[in-house]
Structure formats: structure tokens, C-alpha cells
Amino acid sequence: MFYWFMKTFVLGPVLKTLFRPWVKGLDNVPAEGAAILASNHLSFSDSIFMPLMVPRPVVFLAKSEYFTGKGIKGRLTATFFRLTNQLPMDRSGGAASARSLNAGMDVLKNGSLMGIYPEGTRSPDSRLYRGKVGVARLALQARVPVIPVAMIGTDKVQPIGKRMPNIRRIGMIFGEPLDFSRYYGMENDRLIQRSVTDEIMYELMRLSGQEYVDEYAAVVKLRLAMKATGVPEDGSAGTDPAAPGSA
């Protein structure tokens, strides 16, 4: 009810008036039945704009940090994400990530639309990065189509680190559903998972026009963070040649 009310009467009308989103291919989203909406990830606002334009509710797998914040701000953020149909996604890998994907499976088994960002995190520089195979596992286990979604211009509206958005037009393109039925029964094969994920990422690259980087965005972010703090990429502290006692 909160989701529908906010979308229809509160956030929806305001955002449509301010940002005038344009949409192509919305008829590729099925009117009923389960499907995965696999999107590129340029901005925090992607999770707001995309569901706004889809007539059906979209349940997103969002990073778990949004649900574990401290203090009043943290609790309000967690409440907002839960009320807007978002589920925590643990990105640490192993059993924790598997449990998160199981929550996504429940969404799909209920015949709903699930949104996911195959890159796993926002792009640090507006390029498209290597996809993680969780999206493939979900698509093959649930046996549902994948609709690639290209978000356009949301990185200009709300760049990383910027709280107040820039008012400008954004867009989105919904591609034709990708059918992976030829791989059903092979969802545990890592090569198949990678092949399916790469096909999804190729479609996102084609629709969005982004430059593709065959590297995980999380790795690039870590490298940039280490560089900003002066820590070498190998993790060593290093020595200052000008410091007393250095060799």
C-alpha cells in the first residue's frame, strides 16, 4: 500500500514533472508473470526512477548496508527501503550471498518482477563493468526471462557522493526479453552462469551505449580508494624514501 501510494500520489507525480523521464520498450515488460529486470547501475536514483515507470511493482535486491545504518538516519533509510519493495542483498559472497539470492527466488516464485544490478554496485565512472553471475543463477533456477534495462543520464542527475540531485531529463530503455531456456538444468555450471551473465551485459552495453570494462566495479572502487589514501595496490604500507632510517 505504501509503495502504491508513494508511486501514484507523492513521489511519482513530482519526479515525472521535474525529470520528465522518457521510456522506450516498456511493452517488453510482461503484464503478468515473473521476470528479472537487469539494469546497469549509474546512480542511487536508478532504484527510484525505473520502478516509477513500470506499471507493476518491482522488488529490488539492494545492498545490505542500506538496511544496517546506525542512528535515526540509518533507521529511516532502512524503513524507506523496506517500504519501497527492496530486499537486502549481502555482497560478501559465500553463504550470505546465497541467502540473499534465495530471497530473490521467493520473489520470482510468487510471479513478481525482480530488479537486480548485475554489476553489484554503482559504476565509479559511468562505464559498464563485468556482471556477477548471481543474475544468471536466478534466471536459470527460476526459469524466467531477463529484460535488460539501460538507465540513461541518472549519473548526471545524482553523481556518487552528491546528495541533492541535479534537475535534468533522464531516460530508460527496456530491451527485448532474453530467453535462456536452452540452459535450463545447467544452473550450477559456472561456465554457463558466466555465458548467460555476459550475454546480459552485452545487451546492456548495446542499449546504453556505455563503454564496457571487463573488470568488476567493486575491484575498481577498491583500487581507487586505496590510491586516494596512498596505499599501494598490493596492500603494503611501503616506505618513504625521505624518511629517516629508510633504505
# chains A, B, ... in the order shown; residues from 1 in each chain; ligands from 1
>>> residues_around(residues="A:Met205", least_positions_apart="5", cutoff="9 Å", atoms="only C-alpha atoms", output="list of chain:residue names")
A:Asn40, A:Leu128, A:Ala150, A:Ile200, A:Gln210, A:Glu211, A:Tyr212
>>> write_last_selection(atoms="all heavy atoms", output="short mmCIF file (atom, residue, chain, number, x, y, z; two decimals), in the first residue's frame")
data_model
loop_
_atom_site.label_atom_id
_atom_site.label_comp_id
_atom_site.auth_asym_id
_atom_site.auth_seq_id
_atom_site.Cartn_x
_atom_site.Cartn_y
_atom_site.Cartn_z
N ASN A 40 21.75 -1.65 -15.77
CA ASN A 40 23.02 -1.02 -15.44
C ASN A 40 22.81 -0.14 -14.21
O ASN A 40 21.67 0.13 -13.82
CB ASN A 40 23.56 -0.20 -16.62
CG ASN A 40 22.60 0.91 -17.04
OD1 ASN A 40 21.40 0.86 -16.80
ND2 ASN A 40 23.14 1.92 -17.69
N LEU A 128 30.36 0.64 -18.08
CA LEU A 128 29.68 -0.60 -17.71
C LEU A 128 30.72 -1.65 -17.35
O LEU A 128 31.65 -1.89 -18.12
CB LEU A 128 28.82 -1.08 -18.88
CG LEU A 128 27.96 -2.32 -18.64
CD1 LEU A 128 26.82 -2.01 -17.68
CD2 LEU A 128 27.41 -2.87 -19.96
N ALA A 150 18.43 -0.31 -19.67
CA ALA A 150 19.50 0.67 -19.72
C ALA A 150 19.01 2.00 -19.14
O ALA A 150 18.08 2.61 -19.68
CB ALA A 150 19.97 0.88 -21.15
N ILE A 200 23.82 -10.98 -20.98
CA ILE A 200 23.03 -9.89 -20.40
C ILE A 200 23.82 -8.58 -20.44
O ILE A 200 23.29 -7.52 -20.83
CB ILE A 200 22.63 -10.23 -18.95
CG1 ILE A 200 21.67 -11.42 -18.93
CG2 ILE A 200 21.99 -9.01 -18.27
CD1 ILE A 200 21.44 -11.99 -17.54
N GLN A 210 27.22 2.46 -23.31
CA GLN A 210 28.35 2.62 -22.39
C GLN A 210 29.58 1.85 -22.89
O GLN A 210 29.46 0.83 -23.56
CB GLN A 210 28.00 2.10 -21.00
CG GLN A 210 26.98 2.92 -20.23
CD GLN A 210 26.55 2.20 -18.97
OE1 GLN A 210 25.65 1.36 -18.99
NE2 GLN A 210 27.22 2.51 -17.86
N GLU A 211 30.74 2.35 -22.53
CA GLU A 211 31.97 1.61 -22.74
C GLU A 211 32.01 0.45 -21.75
O GLU A 211 31.70 0.63 -20.57
CB GLU A 211 33.18 2.52 -22.52
CG GLU A 211 34.52 1.81 -22.64
CD GLU A 211 35.70 2.70 -22.28
OE1 GLU A 211 35.49 3.93 -22.14
OE2 GLU A 211 36.81 2.16 -22.11
N TYR A 212 32.39 -0.73 -22.22
CA TYR A 212 32.42 -1.90 -21.35
C TYR A 212 33.83 -2.15 -20.84
O TYR A 212 34.81 -2.06 -21.58
CB TYR A 212 31.94 -3.15 -22.10
CG TYR A 212 31.97 -4.40 -21.26
CD1 TYR A 212 31.02 -4.61 -20.27
CD2 TYR A 212 32.96 -5.36 -21.44
CE1 TYR A 212 31.05 -5.76 -19.48
CE2 TYR A 212 33.00 -6.51 -20.66
CZ TYR A 212 32.05 -6.69 -19.68
OH TYR A 212 32.09 -7.82 -18.90
#
>>> atom_distance(atom1="atom CA of A:Ser39", atom2="atom CA of A:Met201")
9.1 Å
>>> closest_atom_pairs(of="stretch 69-148 of chain A", to="stretch 153-159 of chain A", cutoff="10 Å", atoms="only C-alpha atoms", output="tab-separated table")
residue	atom	partner	partner_atom	distance
A:Arg122	CA	A:Asp155	CA	9.4
A:Ser123	CA	A:Asp155	CA	8.9
A:Pro124	CA	A:Pro159	CA	9.2
A:Asp125	CA	A:Asp155	CA	8.9
A:Ser126	CA	A:Asp155	CA	6.8
>>> closest_residue(among="A:Ala98, A:Ile160, A:Ala62, A:Met151", to="A:Ile116", atoms="only C-alpha atoms")
A:Ala62
>>> closest_atom_pairs(of="stretch 33-72 of chain A", to="stretch 177-188 of chain A", cutoff="10 Å", atoms="only C-alpha atoms", output="JSON lines")
{"residue": "A:Ala35", "atom": "CA", "partner": "A:Pro177", "partner_atom": "CA", "distance": 8.8}
{"residue": "A:Ile36", "atom": "CA", "partner": "A:Pro177", "partner_atom": "CA", "distance": 9.2}
{"residue": "A:Leu37", "atom": "CA", "partner": "A:Pro177", "partner_atom": "CA", "distance": 9.2}
>>> write_last_selection(atoms="C-alpha atoms", output="CSV table (one decimal), in the first residue's frame")
chain,number,residue,atom,x,y,z
A,35,ALA,CA,10.7,-11.8,-14.8
A,36,ILE,CA,14.0,-10.3,-13.9
A,37,LEU,CA,14.7,-6.6,-14.8
>>> closest_residue(among="A:Asn85, A:Gln141, A:Thr77, A:Thr121", to="A:Asn102", atoms="only C-alpha atoms")
A:Gln141
>>> atom_distance(atom1="atom CA of A:Leu101", atom2="atom CA of A:Pro30")
21.9 Å
>>> atom_distance(atom1="atom CA of A:Glu119", atom2="atom CA of A:Ala218")
8.3 Å
>>> residues_around(residues="A:Phe81", least_positions_apart="5", cutoff="9 Å", atoms="only C-alpha atoms", output="list of chain:residue names")
A:Ala62, A:Tyr66, A:Phe67, A:Leu76, A:Gln86, A:Leu87, A:Pro88
>>> write_last_selection(atoms="N, CA and C atoms", output="mmCIF file, in the first residue's frame")
data_model
loop_
_atom_site.group_PDB
_atom_site.id
_atom_site.type_symbol
_atom_site.label_atom_id
_atom_site.label_comp_id
_atom_site.auth_asym_id
_atom_site.auth_seq_id
_atom_site.Cartn_x
_atom_site.Cartn_y
_atom_site.Cartn_z
ATOM 1 N N ALA A 62 18.715 -4.754 -2.980
ATOM 2 C CA ALA A 62 19.560 -3.592 -2.695
ATOM 3 C C ALA A 62 20.663 -3.994 -1.721
ATOM 4 N N TYR A 66 22.269 -0.563 3.217
ATOM 5 C CA TYR A 66 21.137 0.358 3.327
ATOM 6 C C TYR A 66 20.196 -0.018 4.476
ATOM 7 N N PHE A 67 20.287 -1.251 4.946
ATOM 8 C CA PHE A 67 19.364 -1.737 5.966
ATOM 9 C C PHE A 67 20.014 -1.834 7.349
ATOM 10 N N LEU A 76 15.732 5.382 9.413
ATOM 11 C CA LEU A 76 14.813 5.933 8.417
ATOM 12 C C LEU A 76 15.124 5.387 7.030
ATOM 13 N N GLN A 86 12.163 -3.226 -1.383
ATOM 14 C CA GLN A 86 13.553 -3.572 -1.598
ATOM 15 C C GLN A 86 14.020 -4.541 -0.522
ATOM 16 N N LEU A 87 14.824 -5.499 -0.952
ATOM 17 C CA LEU A 87 15.322 -6.545 -0.067
ATOM 18 C C LEU A 87 16.834 -6.401 0.077
ATOM 19 N N PRO A 88 17.378 -6.706 1.256
ATOM 20 C CA PRO A 88 18.832 -6.595 1.440
ATOM 21 C C PRO A 88 19.585 -7.674 0.672
#
>>> select_by_dssp(residues="stretch 48-216 of chain A", states="strand (DSSP E)", output="list in words")
Val58, Val59, Phe60, Leu61, Ala62, Lys63, Gln86, Leu87, Pro88, Met89, Leu113, Met114, Gly115, Ile116, Leu128, Tyr129, Val146, Ile147, Pro148, Val149, Ala150, Met151, Ile152, Gly171, Met172, Ile173, Phe174, Tyr212 and Val213 of chain A
>>> closest_residue(among="A:Val59, A:Ala103, A:Ala139, A:Leu52", to="A:Arg82", atoms="only C-alpha atoms")
A:Val59
>>> select_by_dssp(residues="stretch 112-209 of chain A", states="alpha helix (DSSP H)", output="count of residues only")
32
>>> closest_residue(among="A:Lys73, A:His41, A:Arg56, A:Arg223", to="A:Ser112", atoms="only C-alpha atoms")
A:Arg56
>>> closest_residue(among="A:Arg99, A:Lys221, A:Val146, A:Lys7", to="A:Val29", atoms="only C-alpha atoms")
A:Val146
>>> closest_residue(among="A:Ser195, A:Ile152, A:Lys109, A:Gly171", to="A:Val133", atoms="only C-alpha atoms")
A:Ser195
